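Shown next: input.csv, containing CSV, N, CA and C atoms.
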```
chain,number,residue,atom,x,y,z
A,50,GLN,N,0.5,12.4,-15.6
A,50,GLN,CA,-0.3,11.4,-15.0
A,50,GLN,C,0.6,10.2,-14.6
A,51,VAL,N,0.1,9.6,-13.6
A,51,VAL,CA,0.7,8.4,-13.0
A,51,VAL,C,-0.3,7.3,-12.9
A,52,GLN,N,0.1,6.1,-13.4
A,52,GLN,CA,-0.8,4.9,-13.3
A,52,GLN,C,-0.3,3.9,-12.3
A,53,LEU,N,-1.1,3.4,-11.5
A,53,LEU,CA,-0.8,2.5,-10.4
A,53,LEU,C,-1.6,1.2,-10.6
A,54,VAL,N,-0.9,0.0,-10.5
A,54,VAL,CA,-1.6,-1.2,-10.6
A,54,VAL,C,-1.2,-2.1,-9.4
A,55,GLU,N,-2.1,-2.5,-8.6
A,55,GLU,CA,-1.8,-3.4,-7.5
A,55,GLU,C,-2.0,-4.9,-7.9
A,56,SER,N,-1.3,-5.7,-7.1
A,56,SER,CA,-1.5,-7.2,-7.3
A,56,SER,C,-1.0,-7.8,-6.0
A,57,GLY,N,-1.4,-9.1,-5.8
A,57,GLY,CA,-1.0,-9.8,-4.7
A,57,GLY,C,-2.0,-10.1,-3.6
A,58,GLY,N,-3.2,-9.5,-3.7
A,58,GLY,CA,-4.2,-9.8,-2.8
A,58,GLY,C,-4.7,-11.2,-2.9
A,59,GLY,N,-5.6,-11.6,-1.9
A,59,GLY,CA,-6.2,-12.9,-1.9
A,59,GLY,C,-6.7,-13.3,-0.6
A,60,LEU,N,-7.0,-14.6,-0.4
A,60,LEU,CA,-7.5,-15.1,0.8
A,60,LEU,C,-6.4,-15.8,1.6
A,61,VAL,N,-6.3,-15.5,2.8
A,61,VAL,CA,-5.2,-16.1,3.7
A,61,VAL,C,-5.8,-16.4,5.1
A,62,GLN,N,-5.3,-17.4,5.7
A,62,GLN,CA,-5.7,-17.7,7.1
A,62,GLN,C,-5.1,-16.8,8.1
A,63,PRO,N,-5.7,-16.6,9.2
A,63,PRO,CA,-5.1,-15.8,10.3
A,63,PRO,C,-3.7,-16.3,10.6
A,64,GLY,N,-2.8,-15.4,10.8
A,64,GLY,CA,-1.4,-15.7,11.0
A,64,GLY,C,-0.6,-15.9,9.8
A,65,GLY,N,-1.2,-15.9,8.6
A,65,GLY,CA,-0.5,-16.1,7.4
A,65,GLY,C,0.1,-14.8,6.9
A,66,SER,N,0.7,-14.9,5.7
A,66,SER,CA,1.4,-13.7,5.1
A,66,SER,C,1.0,-13.5,3.6
A,67,LEU,N,1.1,-12.3,3.2
A,67,LEU,CA,0.9,-11.9,1.8
A,67,LEU,C,1.8,-10.8,1.5
A,68,ARG,N,2.2,-10.7,0.2
A,68,ARG,CA,3.0,-9.5,-0.3
A,68,ARG,C,2.2,-8.9,-1.4
A,69,LEU,N,1.9,-7.6,-1.2
A,69,LEU,CA,1.3,-6.8,-2.2
A,69,LEU,C,2.3,-6.1,-3.0
A,70,SER,N,2.0,-5.9,-4.3
A,70,SER,CA,2.9,-5.2,-5.2
A,70,SER,C,2.2,-4.1,-5.9
A,71,CYS,N,2.8,-3.0,-6.1
A,71,CYS,CA,2.2,-1.8,-6.8
A,71,CYS,C,3.2,-1.4,-7.9
A,72,ALA,N,2.8,-1.5,-9.2
A,72,ALA,CA,3.6,-1.1,-10.3
A,72,ALA,C,3.2,0.3,-10.7
A,73,ALA,N,4.2,1.2,-10.8
A,73,ALA,CA,3.9,2.6,-11.2
A,73,ALA,C,4.4,2.8,-12.6
A,74,SER,N,3.7,3.6,-13.3
A,74,SER,CA,4.1,4.0,-14.7
A,74,SER,C,3.6,5.4,-15.0
A,75,GLY,N,4.2,6.0,-16.0
A,75,GLY,CA,3.8,7.4,-16.4
A,75,GLY,C,4.8,8.4,-15.8
A,76,ASN,N,4.4,9.5,-15.4
A,76,ASN,CA,5.3,10.6,-14.9
A,76,ASN,C,5.7,10.4,-13.5
A,77,ILE,N,6.4,9.2,-13.3
A,77,ILE,CA,6.8,8.9,-11.9
A,77,ILE,C,7.9,9.8,-11.3
A,78,PHE,N,8.5,10.5,-12.2
A,78,PHE,CA,9.6,11.4,-11.6
A,78,PHE,C,9.0,12.6,-10.8
A,79,SER,N,7.7,12.8,-11.0
A,79,SER,CA,7.0,13.8,-10.2
A,79,SER,C,6.6,13.4,-8.8
A,80,ILE,N,6.8,12.1,-8.5
A,80,ILE,CA,6.3,11.5,-7.3
A,80,ILE,C,7.4,11.5,-6.2
A,81,ASN,N,7.0,12.0,-5.0
A,81,ASN,CA,8.0,12.0,-3.9
A,81,ASN,C,7.6,11.1,-2.7
A,82,ALA,N,6.4,10.5,-2.8
A,82,ALA,CA,6.0,9.6,-1.8
A,82,ALA,C,5.0,8.6,-2.3
A,83,MET,N,5.1,7.3,-1.8
A,83,MET,CA,4.2,6.3,-2.2
A,83,MET,C,3.7,5.6,-0.9
A,84,GLY,N,2.6,4.9,-1.0
A,84,GLY,CA,2.1,4.2,0.1
A,84,GLY,C,1.0,3.3,-0.1
A,85,TRP,N,0.5,2.8,0.9
A,85,TRP,CA,-0.7,1.8,0.9
A,85,TRP,C,-1.7,2.3,1.9
A,86,TYR,N,-2.9,2.3,1.4
A,86,TYR,CA,-4.1,2.6,2.2
A,86,TYR,C,-5.0,1.4,2.1
A,87,ARG,N,-6.0,1.3,3.0
A,87,ARG,CA,-7.0,0.2,3.0
A,87,ARG,C,-8.3,0.7,3.4
A,88,GLN,N,-9.3,0.0,2.9
A,88,GLN,CA,-10.7,0.4,3.2
A,88,GLN,C,-11.5,-0.9,3.5
A,89,ALA,N,-11.9,-1.1,4.7
A,89,ALA,CA,-12.7,-2.2,5.1
A,89,ALA,C,-14.2,-1.9,4.9
A,90,PRO,N,-15.0,-3.0,4.7
A,90,PRO,CA,-16.4,-2.7,4.5
A,90,PRO,C,-17.1,-1.9,5.6
A,91,GLY,N,-17.8,-0.8,5.1
A,91,GLY,CA,-18.4,0.1,6.1
A,91,GLY,C,-17.5,1.1,6.8
A,92,LYS,N,-16.3,1.1,6.4
A,92,LYS,CA,-15.3,2.0,7.1
A,92,LYS,C,-14.7,2.9,6.1
A,93,GLU,N,-14.1,4.0,6.6
A,93,GLU,CA,-13.4,4.9,5.8
A,93,GLU,C,-12.0,4.4,5.4
A,94,ARG,N,-11.5,4.9,4.3
A,94,ARG,CA,-10.1,4.5,3.9
A,94,ARG,C,-9.1,5.1,4.9
A,95,GLU,N,-8.1,4.2,5.2
A,95,GLU,CA,-7.2,4.6,6.2
A,95,GLU,C,-5.8,4.3,5.7
A,96,LEU,N,-4.8,5.1,6.3
A,96,LEU,CA,-3.4,4.9,6.0
A,96,LEU,C,-2.9,3.6,6.6
A,97,VAL,N,-2.1,2.9,5.8
A,97,VAL,CA,-1.4,1.7,6.3
A,97,VAL,C,0.0,2.0,6.4
A,98,SER,N,0.7,2.5,5.4
A,98,SER,CA,2.1,2.7,5.4
A,98,SER,C,2.5,3.6,4.2
A,99,THR,N,3.5,4.4,4.4
A,99,THR,CA,4.1,5.2,3.4
A,99,THR,C,5.6,5.2,3.4
A,100,ILE,N,6.2,5.5,2.2
A,100,ILE,CA,7.6,5.6,2.1
A,100,ILE,C,7.9,6.8,1.2
A,101,ILE,N,8.8,7.6,1.6
A,101,ILE,CA,9.1,8.8,0.9
A,101,ILE,C,10.4,8.7,0.1
A,102,SER,N,10.7,9.7,-0.7
A,102,SER,CA,11.9,9.6,-1.6
A,102,SER,C,13.2,9.3,-0.9
A,103,GLY,N,13.3,9.8,0.3
A,103,GLY,CA,14.6,9.5,1.1
A,103,GLY,C,14.6,8.2,1.8
A,104,GLY,N,13.5,7.4,1.6
A,104,GLY,CA,13.5,6.1,2.2
A,104,GLY,C,12.8,6.0,3.6
A,105,ARG,N,12.5,7.1,4.1
A,105,ARG,CA,11.8,7.1,5.4
A,105,ARG,C,10.4,6.5,5.3
A,106,THR,N,10.1,5.6,6.3
A,106,THR,CA,8.8,4.9,6.3
A,106,THR,C,7.9,5.3,7.5
A,107,ASN,N,6.7,5.1,7.3
A,107,ASN,CA,5.7,5.4,8.3
A,107,ASN,C,4.6,4.3,8.3
A,108,TYR,N,4.2,3.9,9.5
A,108,TYR,CA,3.2,2.8,9.6
A,108,TYR,C,2.1,3.2,10.6
A,109,ALA,N,0.9,2.7,10.3
A,109,ALA,CA,-0.2,2.8,11.2
A,109,ALA,C,0.1,2.0,12.4
A,110,ASP,N,-0.3,2.4,13.6
A,110,ASP,CA,0.0,1.7,14.8
A,110,ASP,C,-0.5,0.2,14.7
A,111,SER,N,-1.7,0.0,14.0
A,111,SER,CA,-2.3,-1.3,14.0
A,111,SER,C,-1.4,-2.3,13.2
A,112,VAL,N,-0.5,-1.8,12.4
A,112,VAL,CA,0.3,-2.8,11.6
A,112,VAL,C,1.8,-2.8,11.9
A,113,LYS,N,2.2,-1.9,12.8
A,113,LYS,CA,3.6,-1.8,13.2
A,113,LYS,C,4.1,-3.2,13.7
A,114,GLY,N,5.3,-3.6,13.2
A,114,GLY,CA,5.8,-4.9,13.6
A,114,GLY,C,5.3,-6.0,12.8
A,115,ARG,N,4.3,-5.8,12.0
A,115,ARG,CA,3.8,-6.9,11.2
A,115,ARG,C,3.9,-6.7,9.7
A,116,PHE,N,3.8,-5.4,9.3
A,116,PHE,CA,3.9,-5.0,7.9
A,116,PHE,C,5.2,-4.3,7.6
A,117,THR,N,5.7,-4.5,6.4
A,117,THR,CA,6.9,-3.8,6.0
A,117,THR,C,6.7,-3.3,4.6
A,118,ILE,N,7.0,-2.0,4.4
A,118,ILE,CA,6.9,-1.4,3.1
A,118,ILE,C,8.3,-1.2,2.5
A,119,SER,N,8.4,-1.5,1.2
A,119,SER,CA,9.7,-1.3,0.5
A,119,SER,C,9.5,-0.9,-0.9
A,120,ARG,N,10.5,-0.5,-1.6
A,120,ARG,CA,10.4,-0.1,-3.0
A,120,ARG,C,11.6,-0.6,-3.8
A,121,ASP,N,11.4,-0.7,-5.0
A,121,ASP,CA,12.4,-1.1,-6.0
A,121,ASP,C,12.4,0.0,-7.1
A,122,ASN,N,13.3,0.9,-7.0
A,122,ASN,CA,13.3,2.1,-7.9
A,122,ASN,C,13.5,1.6,-9.3
A,123,ALA,N,14.4,0.6,-9.5
A,123,ALA,CA,14.7,0.1,-10.8
A,123,ALA,C,13.5,-0.4,-11.5
A,124,LYS,N,12.6,-1.0,-10.7
A,124,LYS,CA,11.4,-1.6,-11.3
A,124,LYS,C,10.1,-0.8,-11.2
A,125,ASN,N,10.3,0.4,-10.5
A,125,ASN,CA,9.2,1.3,-10.3
A,125,ASN,C,8.1,0.6,-9.5
A,126,ARG,N,8.4,-0.1,-8.5
A,126,ARG,CA,7.5,-0.9,-7.7
A,126,ARG,C,7.6,-0.6,-6.2
A,127,VAL,N,6.5,-0.7,-5.6
A,127,VAL,CA,6.4,-0.6,-4.1
A,127,VAL,C,5.7,-1.8,-3.6
A,128,TYR,N,6.2,-2.4,-2.5
A,128,TYR,CA,5.7,-3.6,-2.0
A,128,TYR,C,5.2,-3.4,-0.5
A,129,LEU,N,4.3,-4.2,-0.2
A,129,LEU,CA,3.9,-4.3,1.2
A,129,LEU,C,3.9,-5.7,1.7
A,130,GLN,N,4.9,-6.1,2.5
A,130,GLN,CA,4.9,-7.4,3.1
A,130,GLN,C,4.1,-7.4,4.3
A,131,MET,N,3.1,-8.3,4.4
A,131,MET,CA,2.2,-8.4,5.5
A,131,MET,C,2.3,-9.7,6.1
A,132,ASN,N,2.7,-9.7,7.4
A,132,ASN,CA,2.9,-11.0,8.2
A,132,ASN,C,1.9,-11.0,9.3
A,133,ASN,N,1.7,-12.2,9.9
A,133,ASN,CA,0.8,-12.4,11.0
A,133,ASN,C,-0.5,-11.6,10.8
A,134,LEU,N,-1.1,-11.9,9.7
A,134,LEU,CA,-2.3,-11.3,9.3
A,134,LEU,C,-3.5,-11.6,10.3
A,135,LYS,N,-4.3,-10.6,10.5
A,135,LYS,CA,-5.5,-10.8,11.4
A,135,LYS,C,-6.8,-10.6,10.6
A,136,PRO,N,-7.9,-11.1,11.1
A,136,PRO,CA,-9.2,-10.9,10.4
A,136,PRO,C,-9.5,-9.4,10.2
A,137,GLU,N,-9.0,-8.6,11.1
A,137,GLU,CA,-9.3,-7.1,11.0
A,137,GLU,C,-8.4,-6.4,10.0
A,138,ASP,N,-7.5,-7.2,9.4
A,138,ASP,CA,-6.7,-6.6,8.2
A,138,ASP,C,-7.5,-6.8,6.9
A,139,THR,N,-8.6,-7.5,7.0
A,139,THR,CA,-9.4,-7.7,5.8
A,139,THR,C,-9.9,-6.3,5.2
A,140,ALA,N,-9.6,-6.1,4.0
A,140,ALA,CA,-9.9,-4.8,3.3
A,140,ALA,C,-9.5,-4.8,1.9
A,141,VAL,N,-9.9,-3.8,1.2
A,141,VAL,CA,-9.3,-3.5,-0.1
A,141,VAL,C,-8.1,-2.6,0.1
A,142,TYR,N,-7.0,-3.0,-0.4
A,142,TYR,CA,-5.8,-2.3,-0.3
A,142,TYR,C,-5.5,-1.5,-1.5
A,143,TYR,N,-5.2,-0.2,-1.3
A,143,TYR,CA,-5.0,0.7,-2.5
A,143,TYR,C,-3.6,1.3,-2.4
A,144,CYS,N,-2.9,1.3,-3.6
A,144,CYS,CA,-1.6,1.9,-3.7
A,144,CYS,C,-1.9,3.4,-4.0
A,145,ASN,N,-1.0,4.2,-3.4
A,145,ASN,CA,-1.1,5.6,-3.5
A,145,ASN,C,0.2,6.2,-3.9
A,146,ALA,N,0.2,7.2,-4.8
A,146,ALA,CA,1.4,8.0,-5.1
A,146,ALA,C,1.1,9.5,-5.0
A,147,ARG,N,2.0,10.2,-4.3
A,147,ARG,CA,1.7,11.7,-4.1
A,147,ARG,C,2.7,12.5,-4.9
A,148,ARG,N,2.2,13.4,-5.6
A,148,ARG,CA,3.1,14.3,-6.5
A,148,ARG,C,3.7,15.4,-5.6
A,149,ALA,N,5.0,15.6,-5.9
A,149,ALA,CA,5.7,16.7,-5.2
A,149,ALA,C,5.2,18.0,-5.6
A,150,GLY,N,5.2,19.0,-4.7
A,150,GLY,CA,4.8,20.3,-5.0
A,150,GLY,C,3.3,20.5,-4.6
A,151,ASP,N,2.4,20.1,-5.4
A,151,ASP,CA,1.0,20.3,-5.1
A,151,ASP,C,0.3,19.2,-4.3
A,152,GLY,N,1.0,18.1,-4.1
A,152,GLY,CA,0.5,17.0,-3.3
A,152,GLY,C,-0.6,16.2,-3.9
A,153,MET,N,-0.8,16.3,-5.2
A,153,MET,CA,-1.8,15.6,-5.8
A,153,MET,C,-1.7,14.1,-5.6
A,154,ASP,N,-2.8,13.4,-5.3
A,154,ASP,CA,-2.8,12.0,-5.1
A,154,ASP,C,-3.2,11.2,-6.3
A,155,TYR,N,-2.5,10.1,-6.6
A,155,TYR,CA,-2.9,9.1,-7.6
A,155,TYR,C,-3.2,7.8,-6.9
A,156,TRP,N,-4.2,7.1,-7.4
A,156,TRP,CA,-4.7,5.9,-6.8
A,156,TRP,C,-4.8,4.7,-7.7
A,157,GLY,N,-4.4,3.5,-7.3
A,157,GLY,CA,-4.7,2.3,-8.0
A,157,GLY,C,-6.2,1.9,-7.8
A,158,LYS,N,-6.6,0.8,-8.4
A,158,LYS,CA,-8.0,0.4,-8.3
A,158,LYS,C,-8.2,-0.5,-7.1
A,159,GLY,N,-7.1,-1.0,-6.5
A,159,GLY,CA,-7.2,-1.7,-5.3
A,159,GLY,C,-7.1,-3.2,-5.5
A,160,THR,N,-6.7,-3.9,-4.4
A,160,THR,CA,-6.6,-5.4,-4.4
A,160,THR,C,-7.2,-5.9,-3.1
A,161,LEU,N,-8.0,-6.9,-3.1
A,161,LEU,CA,-8.8,-7.3,-2.0
A,161,LEU,C,-7.9,-8.3,-1.2
A,162,VAL,N,-7.8,-8.1,0.1
A,162,VAL,CA,-7.2,-9.0,1.1
A,162,VAL,C,-8.2,-9.5,2.0
A,163,THR,N,-8.4,-10.8,2.1
A,163,THR,CA,-9.4,-11.4,3.0
A,163,THR,C,-8.6,-12.3,4.0
A,164,VAL,N,-8.8,-12.1,5.2
A,164,VAL,CA,-8.1,-12.9,6.3
A,164,VAL,C,-9.2,-13.7,7.0
A,165,SER,N,-9.3,-14.9,6.8
A,165,SER,CA,-10.3,-15.7,7.3
A,165,SER,C,-9.9,-17.2,7.4
A,166,SER,N,-10.5,-17.9,8.4
A,166,SER,CA,-10.2,-19.3,8.5
A,166,SER,C,-11.3,-20.1,7.8
```

Take the structure I supplied and represent it as C-alpha cells, if you would.
Amino acid sequence: QVQLVESGGGLVQPGGSLRLSCAASGNIFSINAMGWYRQAPGKERELVSTIISGGRTNYADSVKGRFTISRDNAKNRVYLQMNNLKPEDTAVYYCNARRAGDGMDYWGKGTLVTVSS
C-alpha cells in the first residue's frame, strides 16, 4: 500500500502562485510514476501533470508554461508549482501514484485550489 497526503491548496487571486506538495509513504519502491490530477465542480477528473522514475514530465496543454512538477526522492515528495493561476484552474487537486507492473493507482484525498478575486 501507498499513502499520499496533499497540502498547499488555498485561495489565490488570478495571476498568483501556489505550490502543492504530496507526501508519499508506505511501499513507495513499487511506484514508477507520480502525478497530479484535478477535478472541477461538475467536471470529470483530468490529468494535470506526471513525472516518471526517469524524470520525464508530462503536462496538460492547459497548464503548459505555467505549472511545473518536481520531486524530491530523499523526502518522498512530489510538488506542483503553479504560476499565473486562472479562475479555470479552480479545482480539487489530487496526488496520484502508479505502481509498476500492474499500473494500480493510489490517490490522496485532495486539496482545494480556488482562484478568485

Spatial neighbours of region 107-115 of chain A, max dist 12 Å, only C-alpha atoms, sep filter under 3 positions, as a PyMOL selection string:
chain A and resi 64-68+82-87+95-101+104+118-119+129-135+137-138

Atom N of Cys71 (chain A) to atom N of Ser166 (chain A): how many Å, to one decimal?
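Atom-to-atom, atom N of Cys71 (chain A) to atom N of Ser166 (chain A), that is 24.7 Å.
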
Within chain A, find each residue whose DSSP state, derived from the backbone, is helix (DSSP H, G or I), and express the selection as a PyMOL selection string.
chain A and resi 77-79+136-138

Proximity to Tyr142 (chain A) - best of A:Val127, A:Arg120, A:Val164, A:Gln88, only N, CA and C atoms:
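Ranked by minimum distance to Tyr142 (chain A), first place goes to A:Gln88.
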
Using all atoms listed in the file, which residues of region 104-151 of chain A come within 8 Å of region 51-59 of chain A, and what is the closest atom pair for each, with the distance in Å to one decimal? Give it as a Markdown table, sorted by chain and residue number.
```
| residue | atom | partner | partner_atom | distance |
| --- | --- | --- | --- | --- |
| A:Tyr142 | C | A:Glu55 | CA | 7.3 |
| A:Tyr143 | C | A:Glu55 | CA | 7.2 |
| A:Cys144 | N | A:Glu55 | CA | 6.2 |
| A:Asn145 | N | A:Leu53 | CA | 7.2 |
| A:Ala146 | N | A:Leu53 | CA | 7.4 |
```

Residue list (strand (DSSP E), DSSP) for chain A, as JSON, numbers by chain
{"A": [51, 52, 53, 54, 55, 56, 59, 60, 61, 67, 68, 69, 70, 71, 72, 73, 74, 75, 80, 81, 82, 83, 84, 85, 86, 87, 88, 95, 96, 97, 98, 99, 100, 101, 106, 107, 108, 116, 117, 118, 119, 120, 121, 126, 127, 128, 129, 130, 131, 140, 141, 142, 143, 144, 145, 146, 147, 148, 154, 155, 156, 160, 161, 162, 163, 164]}

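Our summary of the geometry notes that atom C of Leu60 (chain A) is positioned 21.3 Å from atom C of Glu93 (chain A).
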
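Ranking A:Ala149, A:Leu161, A:Val141, A:Ala72 by their shortest atom-to-atom distance to Ala123 (chain A), with only C-alpha atoms included, puts A:Ala72 first.
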
Separating CA of Ser74 (chain A) from CA of Trp156 (chain A), to the nearest tenth of an Å, is a gap of 12.0 Å

Restricting the calculation to only N, CA and C atoms, which member of A:Pro90, A:Pro63, A:Gly152, A:Gly75 is positioned closest to Ala140 (chain A)?
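Among A:Pro90, A:Pro63, A:Gly152, A:Gly75, it is A:Pro90 that comes nearest to Ala140 (chain A).
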
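The residue that comes closest to Asn76 (chain A), out of A:Lys92, A:Arg148, A:Tyr128, A:Gln50 and on the basis of only N, CA and C atoms, is A:Gln50.
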
Measuring atom to atom with only C-alpha atoms, identify which of A:Arg147, A:Thr139, A:Arg105, A:Ala73 is nearest to Thr160 (chain A).
A:Thr139
